[in-house]
Amino acid sequence: MGDAAGHYFEADPAVPSAPRAVRLDLPDRTLQLRTDRGVFSADRVDPATKLLLLEAPEAPESGTFVDLGCGYGPIACTLAARRPAAEVWAVDVNRRALDLCRTNAEALGLANVTTVPPDEVPLDLAVDLIWSNPPIRIGKAALHELLLTWLGRLAPDGRAVLVVHKHLGSDSLQRWFETVGWSAERLAARDGNRLLEVGRP
């Protein structure tokens with residue numbers, strides 16, 4: 001996570017801005033993305049995020065998608081580029097991250113990305129797909145509350161695909177989902193990262 005480790009989940013990062021760029025290489029496309037200090041994984045596309053983008057099941061052709069904890073936008077921009085008929089909501093508490101995600105989407109010509117803090121998402125928004133490298137470091141209680149809130153927005157057949165490292169509690173998180181009434185299946189694993197698909201049982 002580079003120099004942003006202690007700051008990426010703050011609304012206004014205290015670290016000074018130092019813009020830079022990273023390149024996201026995927027089999028189907030390459031994206032140039034602007035990043036900055038004070039956002040998650042500012043110096044490279046995080047390996048867990050890359051696993052999600054490579055191994056997640058194909059998204060529906062259209063629908064309402066959410067990138068929860070979007071950072072500077074590698075997930076949101078990839079979803080929007082792959083599925084131009086979809087509406088992609090990029091959600092983060094970090095205002096610097098939201099500005100970067102918006103800038104990246106605009107630079108890539110992705111008019112189907114909406115970047116907002118959580119409290120500006122319509123309460124009645126029905127979500128077909130959530131992709132997320134969730135903010136584990138906010139703490140277990142806050143993370144559980146966050147995930148339950150967003151899972152509750154899923155349409156009846158909606159799914160969430162999450163990537164979490166085993167050292168950050170992926171296995172216990174998978175078990176926890178099942179104790180609170182959600183199914184959770186491991187889809188892939190690489191370098192300690194686990195890709196989980198969560199939905200209604």
# chains A, B, ... in the order shown; residues from 1 in each chain; ligands from 1
>>> residues_around(residues="region 157-165 of chain A", least_positions_apart="2", cutoff="6 Å", atoms="only C-alpha atoms", output="PyMOL selection string")
chain A and resi 128-133+154-155+167-168+170+192-199
>>> closest_residue(among="A:Leu52, A:Leu148, A:Ala14, A:Val39", to="Ala189 (chain A)", atoms="only C-alpha atoms")
A:Leu52
>>> closest_residue(among="A:Thr49, A:Val180, A:Thr115, A:Asp124", to="His144 (chain A)", atoms="only C-alpha atoms")
A:Val180
>>> closest_residue(among="A:Pro84, A:Arg186, A:Val66, A:Gly71", to="Leu151 (chain A)", atoms="only C-alpha atoms")
A:Val66
>>> residues_around(residues="Glu58 (chain A)", least_positions_apart="6", cutoff="10 Å", atoms="only C-alpha atoms", output="PyMOL selection string")
chain A and resi 79+82-83
>>> closest_atom_pairs(of="region 108-145 of chain A", to="region 15-31 of chain A", cutoff="12 Å", atoms="only C-alpha atoms", output="CSV")
residue,atom,partner,partner_atom,distance
A:Leu108,CA,A:Leu31,CA,8.0
A:Gly109,CA,A:Leu31,CA,11.5
A:Leu110,CA,A:Leu31,CA,11.7
>>> atom_distance(atom1="CA of Gly169 (chain A)", atom2="CA of Ala141 (chain A)")
12.8 Å
>>> select_by_dssp(residues="region 115-149 of chain A", states="alpha helix (DSSP H)", output="PyMOL selection string")
chain A and resi 140-149
>>> select_by_dssp(residues="region 7-191 of chain A", states="strand (DSSP E or B)", output="PyMOL selection string")
chain A and resi 20-26+29-35+62-68+85-91+113-116+127-132+154-165+183-190
>>> write_last_selection(atoms="C-alpha atoms", output="PDB file, in the first residue's frame")
ATOM      1  CA  ARG A  20       1.747   9.888 -10.150  1.00  0.00           C
ATOM      2  CA  ALA A  21       0.446   7.348 -12.660  1.00  0.00           C
ATOM      3  CA  VAL A  22       0.198   3.582 -12.823  1.00  0.00           C
ATOM      4  CA  ARG A  23      -0.633   1.214 -15.644  1.00  0.00           C
ATOM      5  CA  LEU A  24      -3.172  -1.584 -15.307  1.00  0.00           C
ATOM      6  CA  ASP A  25      -2.492  -4.388 -17.783  1.00  0.00           C
ATOM      7  CA  LEU A  26      -5.282  -6.920 -18.302  1.00  0.00           C
ATOM      8  CA  ARG A  29      -7.325  -3.892 -22.102  1.00  0.00           C
ATOM      9  CA  THR A  30      -4.678  -1.580 -20.642  1.00  0.00           C
ATOM     10  CA  LEU A  31      -5.667   1.403 -18.500  1.00  0.00           C
ATOM     11  CA  GLN A  32      -3.493   4.354 -17.535  1.00  0.00           C
ATOM     12  CA  LEU A  33      -4.611   5.628 -14.144  1.00  0.00           C
ATOM     13  CA  ARG A  34      -3.630   8.663 -12.097  1.00  0.00           C
ATOM     14  CA  THR A  35      -2.963   8.047  -8.405  1.00  0.00           C
ATOM     15  CA  SER A  62     -26.018  -4.293 -18.008  1.00  0.00           C
ATOM     16  CA  GLY A  63     -27.320  -3.393 -14.586  1.00  0.00           C
ATOM     17  CA  THR A  64     -26.287  -1.391 -11.550  1.00  0.00           C
ATOM     18  CA  PHE A  65     -22.789  -2.194 -10.310  1.00  0.00           C
ATOM     19  CA  VAL A  66     -20.912  -0.898  -7.258  1.00  0.00           C
ATOM     20  CA  ASP A  67     -17.180  -0.681  -6.621  1.00  0.00           C
ATOM     21  CA  LEU A  68     -17.143  -0.418  -2.829  1.00  0.00           C
ATOM     22  CA  ALA A  85     -24.394  -0.458 -20.852  1.00  0.00           C
ATOM     23  CA  ALA A  86     -24.012  -0.767 -17.067  1.00  0.00           C
ATOM     24  CA  GLU A  87     -24.277   1.979 -14.465  1.00  0.00           C
ATOM     25  CA  VAL A  88     -21.193   1.839 -12.224  1.00  0.00           C
ATOM     26  CA  TRP A  89     -21.193   3.524  -8.828  1.00  0.00           C
ATOM     27  CA  ALA A  90     -17.698   4.156  -7.442  1.00  0.00           C
ATOM     28  CA  VAL A  91     -18.019   4.637  -3.679  1.00  0.00           C
ATOM     29  CA  VAL A 113     -19.197   5.916 -13.813  1.00  0.00           C
ATOM     30  CA  THR A 114     -20.686   7.890 -10.917  1.00  0.00           C
ATOM     31  CA  THR A 115     -18.290   8.688  -8.063  1.00  0.00           C
ATOM     32  CA  VAL A 116     -19.842   9.438  -4.668  1.00  0.00           C
ATOM     33  CA  VAL A 127     -27.584  -3.262  -6.901  1.00  0.00           C
ATOM     34  CA  ASP A 128     -26.973  -6.156  -9.284  1.00  0.00           C
ATOM     35  CA  LEU A 129     -23.247  -6.581  -8.661  1.00  0.00           C
ATOM     36  CA  ILE A 130     -20.685  -5.481  -6.098  1.00  0.00           C
ATOM     37  CA  TRP A 131     -16.965  -5.822  -6.791  1.00  0.00           C
ATOM     38  CA  SER A 132     -14.696  -4.817  -3.949  1.00  0.00           C
ATOM     39  CA  LEU A 154     -28.371  -6.429  -3.585  1.00  0.00           C
ATOM     40  CA  ALA A 155     -31.200  -7.390  -5.911  1.00  0.00           C
ATOM     41  CA  PRO A 156     -32.606 -10.879  -5.216  1.00  0.00           C
ATOM     42  CA  ASP A 157     -30.180 -12.491  -7.663  1.00  0.00           C
ATOM     43  CA  GLY A 158     -27.377  -9.986  -7.105  1.00  0.00           C
ATOM     44  CA  ARG A 159     -23.874 -11.061  -6.143  1.00  0.00           C
ATOM     45  CA  ALA A 160     -20.861  -9.538  -4.441  1.00  0.00           C
ATOM     46  CA  VAL A 161     -17.330 -10.532  -5.400  1.00  0.00           C
ATOM     47  CA  LEU A 162     -14.757  -9.610  -2.760  1.00  0.00           C
ATOM     48  CA  VAL A 163     -11.015 -10.148  -2.536  1.00  0.00           C
ATOM     49  CA  VAL A 164      -9.326 -10.443   0.867  1.00  0.00           C
ATOM     50  CA  HIS A 165      -5.886 -11.698   1.892  1.00  0.00           C
ATOM     51  CA  SER A 183     -23.595 -17.867   1.148  1.00  0.00           C
ATOM     52  CA  ALA A 184     -19.881 -17.381   0.494  1.00  0.00           C
ATOM     53  CA  GLU A 185     -17.896 -19.429  -2.011  1.00  0.00           C
ATOM     54  CA  ARG A 186     -14.167 -19.213  -2.651  1.00  0.00           C
ATOM     55  CA  LEU A 187     -13.643 -18.800  -6.383  1.00  0.00           C
ATOM     56  CA  ALA A 188      -9.873 -18.430  -6.609  1.00  0.00           C
ATOM     57  CA  ALA A 189      -6.720 -17.979  -4.553  1.00  0.00           C
ATOM     58  CA  ARG A 190      -3.328 -16.545  -5.432  1.00  0.00           C
TER      59      ARG A 190
END
